[in-house]
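The next block holds one structure in the form of structure tokens; read it before the comments.
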Amino acid sequence: MRRILLIVVAIASLACGSTVRENESRADAGTSASPTPPVGAPSTATSNCDVLARITPAPAPPLEIVDLADGTKRLTSAEAGYSIVAPSDWLVFSSFIFSPGVLNSTPSFGQAHLTSYDPNAVDRANMIAFGRMLSPSVGIRVDIELWRNPKLETAEDYRKNVLIGPDQSAVLPGRAVTIAGQSAYQTTIQDEFRFQPASGPLEITRQTRLLWLVPVLRQDRMLVISATPGESALRSQVESMVATLRIAPPVVSQLPVINQRDAILHQWLYDKAGAPIAGRRVEAKLMSYTDSVAAMNGGGLLRIDRDPDELFWLVAVSGGPDLPQPRGGPAQYSPVPTTWIEYQAPATTGRYEGTGTKIASTGTWPPDFDTLIDRCH
């Protein structure tokens, strides 16, 4: 039976990614691509990205927050290309993971998340629908995110793509508006939670989420602003905040390649004693994060959590006795040994969140891998 498992790493590093970094310092520059290449296998690139390694680092500035000394503060995301003015006493988080008790210091690309309340101080009595919704009396939360717009749709047409949260039941009819000089769209999301007690009638809890879709200067991206609960008395403050939105050209990070191809090849081609692994084939191709995600799973989330233009290695490995098994062991998924794996490895940083790996028990090589373009020559 055909078995391919995709594992996405949200925060923790891939185990094999740690090995890449451990072996990088001892990898031989002249590593062969395959000690025993399969018959008919295409030529494998083994060179490092020496030119890209000499790029002077020029990262985009992080989310900037400036107090305007009038009860408001300006938030500027240079990498996403927008600025907005918010109440100065609202809390701001640059990561989409900021739930109570959860700490994640890694910023999400182009994102700003604001709350009029302290998420870590919310009384559970003010959480409704078994903690899935916030009582309007507590305050309001605003999420500003950049999403992919692969079909280059207008803001009005784009609304059908929006899915925020597990309780969303519908995107209600809205209206065209002009925001920051852009033809935007304003609407409302209907959230609904249903619970059937063991005895008694069905319990339905409904709440709304305000939504604005604003085109940015890149046609393949859309700024998605949402606020919940829409029933909050602070709704008018959010509407005033959205009116201050300004759009600007985004700043694109320029970072050198610091994790090179030879280190990746070396870790898979040789065992711990330094002997070549018979039958092993491994290749690593350099591409953008967006292209690597598309190659792995056909596109992934529309929400952008990581720099789409960041350089990544897409690595394919097959053959040999020691390829990783799915989590939980082969008994949980398949007794058949792994035949090939494919995974993402960052080329310019050591960050592995938002990456993934495929583990297959049939076939000898990832389909279509050989047709992918390698940006490292």
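So you can find residues: chains in the structure tokens are A, B, ... in the order shown, residues in each start at 1, and ligands are numbered from 1 in order.
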
Item to complete: Using only C-alpha atoms, determine which residues lie at most 7 Å from A:Ile140, disregarding the query and same-chain residues fewer than 3 positions distant; provide the list as an MDAnalysis selection string.
Response: chainID A and resid 115:116 227:229 232 234

Output N, CA and C atoms for every residue in the selection just made, as a short mmCIF file (atom, residue, chain, number, x, y, z; two decimals), in the first residue's frame.
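This is the output file selection_36.cif:
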```cif
data_model
loop_
_atom_site.label_atom_id
_atom_site.label_comp_id
_atom_site.auth_asym_id
_atom_site.auth_seq_id
_atom_site.Cartn_x
_atom_site.Cartn_y
_atom_site.Cartn_z
N THR A 115 -4.17 43.21 21.21
CA THR A 115 -5.30 42.94 22.11
C THR A 115 -5.50 44.15 23.01
N SER A 116 -6.77 44.45 23.28
CA SER A 116 -7.08 45.54 24.21
C SER A 116 -7.00 45.05 25.64
N ALA A 227 -10.90 41.21 13.35
CA ALA A 227 -11.08 41.63 14.74
C ALA A 227 -12.21 40.83 15.36
N THR A 228 -11.96 40.31 16.56
CA THR A 228 -12.97 39.49 17.23
C THR A 228 -12.95 39.74 18.74
N PRO A 229 -14.10 39.71 19.40
CA PRO A 229 -15.44 39.52 18.83
C PRO A 229 -16.00 40.81 18.24
N SER A 232 -17.92 43.41 20.38
CA SER A 232 -17.27 44.23 21.41
C SER A 232 -17.63 45.70 21.27
N LEU A 234 -15.64 47.94 21.59
CA LEU A 234 -14.45 48.59 21.02
C LEU A 234 -14.41 48.50 19.50
#
```

Worksheet item: Counting only C-alpha atoms, what is within 7 Å of A:Val315, bar same-chain residues fewer than 5 positions away, as number ranges by chain?
Response: A: 283-285, 342-344

Fill in: Distance criterion (only C-alpha atoms): nearest to A:Val138 out of A:Leu163, A:Val122, A:Leu152, A:Val92
A:Val122

Worksheet item: Smallest atom-to-atom distance to A:Ala180: which of A:Val242, A:Ile144, A:Ala45, A:Ile164, using only C-alpha atoms?
Response: A:Val242

Fill in: Point-to-point distance from atom CA of A:Asn48 to atom CA of A:Arg261, Å rounded to tenths
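Taking atom CA of A:Asn48 and atom CA of A:Arg261, their separation equals 5.5 Å.
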
Discussion item. For a test of reading the model, state the distance in Å between atom CA of A:Gly131 and atom CA of A:Thr187, rounded to one decimal.
Written reply: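 Computed distance, atom CA of A:Gly131 to atom CA of A:Thr187, equals 24.9 Å.
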
Discussion item. I'd like the interatomic distance between atom CA of A:Pro136 and atom CA of A:Phe193, to a tenth of an Å.
Written reply: 15.8 Å

Worksheet item: Using only C-alpha atoms, which of the listed residues (A:Trp147, A:Ala86, A:Pro166, A:Gln254) sits closest to A:Leu301?
Response: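 Between A:Trp147, A:Ala86, A:Pro166, A:Gln254, the residue approaching A:Leu301 most closely is A:Trp147.
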
Worksheet entry | Best match for closeness to A:Val51 among A:Cys376, A:Ala295, A:Leu217, A:Ile277, counting only C-alpha atoms |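 Ranked by minimum distance to A:Val51, first place goes to A:Cys376.
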
Worksheet entry | Nearest to A:Ala347, chosen from A:Ser288, A:Ser183, A:Ser361, A:Asn297, with only C-alpha atoms counted in the distances |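 Of A:Ser288, A:Ser183, A:Ser361, A:Asn297, the one nearest A:Ala347 is A:Ser288, counting only C-alpha atoms.
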
Practice prompt. Give me the residues within 12 Å of A:Pro57 as a PyMOL selection string, counting only C-alpha atoms and dropping any in the same chain fewer than 5 places off.
Written response: chain A and resi 52+252-258+348-349

Residues of the last selection are to be written out with C-alpha atoms, as a short mmCIF file (atom, residue, chain, number, x, y, z; two decimals), in the first residue's frame.
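Writing the result to result_17.cif gives the following:
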```cif
data_model
loop_
_atom_site.label_atom_id
_atom_site.label_comp_id
_atom_site.auth_asym_id
_atom_site.auth_seq_id
_atom_site.Cartn_x
_atom_site.Cartn_y
_atom_site.Cartn_z
CA LEU A 52 25.35 33.78 -2.52
CA VAL A 252 13.05 42.54 0.86
CA SER A 253 15.67 40.88 3.09
CA GLN A 254 19.02 39.99 1.56
CA LEU A 255 20.80 37.24 3.50
CA PRO A 256 23.85 35.13 2.60
CA VAL A 257 23.71 31.35 2.32
CA ILE A 258 25.35 30.04 5.50
CA THR A 348 20.33 31.47 5.38
CA THR A 349 19.30 30.91 9.03
#
```

Can you check which residues of stretch 86-292 of chain A DSSP gives as alpha helix (DSSP H) on the backbone and send them as an mmCIF file with N, CA and C atoms, in the first residue's frame?
```cif
data_model
loop_
_atom_site.group_PDB
_atom_site.id
_atom_site.type_symbol
_atom_site.label_atom_id
_atom_site.label_comp_id
_atom_site.auth_asym_id
_atom_site.auth_seq_id
_atom_site.Cartn_x
_atom_site.Cartn_y
_atom_site.Cartn_z
ATOM 1 N N ALA A 155 -9.970 42.088 -4.044
ATOM 2 C CA ALA A 155 -10.305 41.891 -2.636
ATOM 3 C C ALA A 155 -11.682 41.248 -2.481
ATOM 4 N N GLU A 156 -12.638 41.672 -3.301
ATOM 5 C CA GLU A 156 -13.987 41.113 -3.193
ATOM 6 C C GLU A 156 -14.010 39.631 -3.550
ATOM 7 N N ASP A 157 -13.304 39.256 -4.606
ATOM 8 C CA ASP A 157 -13.269 37.856 -5.002
ATOM 9 C C ASP A 157 -12.464 37.014 -4.008
ATOM 10 N N TYR A 158 -11.506 37.641 -3.365
ATOM 11 C CA TYR A 158 -10.608 36.911 -2.467
ATOM 12 C C TYR A 158 -11.327 36.426 -1.208
ATOM 13 N N ARG A 235 -15.480 48.045 18.909
ATOM 14 C CA ARG A 235 -15.534 47.903 17.449
ATOM 15 C C ARG A 235 -15.204 49.215 16.752
ATOM 16 N N SER A 236 -15.740 50.327 17.233
ATOM 17 C CA SER A 236 -15.510 51.620 16.573
ATOM 18 C C SER A 236 -14.037 52.012 16.614
ATOM 19 N N GLN A 237 -13.328 51.622 17.680
ATOM 20 C CA GLN A 237 -11.895 51.923 17.755
ATOM 21 C C GLN A 237 -11.120 51.139 16.692
ATOM 22 N N VAL A 238 -11.544 49.914 16.448
ATOM 23 C CA VAL A 238 -10.893 49.121 15.407
ATOM 24 C C VAL A 238 -11.156 49.729 14.033
ATOM 25 N N GLU A 239 -12.382 50.166 13.795
ATOM 26 C CA GLU A 239 -12.709 50.787 12.514
ATOM 27 C C GLU A 239 -11.885 52.057 12.304
ATOM 28 N N SER A 240 -11.688 52.830 13.365
ATOM 29 C CA SER A 240 -10.851 54.032 13.266
ATOM 30 C C SER A 240 -9.395 53.658 13.008
ATOM 31 N N MET A 241 -8.942 52.568 13.590
ATOM 32 C CA MET A 241 -7.572 52.115 13.395
ATOM 33 C C MET A 241 -7.348 51.701 11.938
ATOM 34 N N VAL A 242 -8.278 50.947 11.380
ATOM 35 C CA VAL A 242 -8.141 50.497 9.984
ATOM 36 C C VAL A 242 -8.089 51.687 9.035
ATOM 37 N N ARG A 261 25.532 23.238 0.638
ATOM 38 C CA ARG A 261 25.097 21.950 0.114
ATOM 39 C C ARG A 261 26.004 20.801 0.573
ATOM 40 N N ASP A 262 27.314 21.026 0.640
ATOM 41 C CA ASP A 262 28.209 19.917 0.964
ATOM 42 C C ASP A 262 27.927 19.349 2.353
ATOM 43 N N ALA A 263 27.513 20.203 3.296
ATOM 44 C CA ALA A 263 27.202 19.714 4.637
ATOM 45 C C ALA A 263 25.987 18.795 4.622
ATOM 46 N N ILE A 264 24.996 19.161 3.811
ATOM 47 C CA ILE A 264 23.787 18.334 3.709
ATOM 48 C C ILE A 264 24.103 17.001 3.063
ATOM 49 N N LEU A 265 24.866 17.022 1.961
ATOM 50 C CA LEU A 265 25.214 15.782 1.280
ATOM 51 C C LEU A 265 26.033 14.868 2.196
ATOM 52 N N HIS A 266 26.983 15.450 2.908
ATOM 53 C CA HIS A 266 27.885 14.660 3.751
ATOM 54 C C HIS A 266 27.123 13.923 4.845
ATOM 55 N N GLN A 267 26.159 14.568 5.456
ATOM 56 C CA GLN A 267 25.467 13.941 6.582
ATOM 57 C C GLN A 267 24.674 12.704 6.180
ATOM 58 N N TRP A 268 24.256 12.659 4.902
ATOM 59 C CA TRP A 268 23.462 11.532 4.439
ATOM 60 C C TRP A 268 24.271 10.473 3.704
ATOM 61 N N LEU A 269 25.408 10.854 3.134
ATOM 62 C CA LEU A 269 26.178 9.923 2.306
ATOM 63 C C LEU A 269 27.113 9.030 3.105
ATOM 64 N N TYR A 289 11.463 29.833 -0.180
ATOM 65 C CA TYR A 289 10.593 29.118 0.758
ATOM 66 C C TYR A 289 9.258 28.780 0.103
ATOM 67 N N THR A 290 8.693 29.737 -0.639
ATOM 68 C CA THR A 290 7.416 29.504 -1.312
ATOM 69 C C THR A 290 7.497 28.331 -2.275
ATOM 70 N N ASP A 291 8.573 28.282 -3.066
ATOM 71 C CA ASP A 291 8.722 27.189 -4.028
ATOM 72 C C ASP A 291 8.927 25.854 -3.334
ATOM 73 N N SER A 292 9.640 25.869 -2.210
ATOM 74 C CA SER A 292 9.864 24.613 -1.487
ATOM 75 C C SER A 292 8.565 24.098 -0.884
#
```
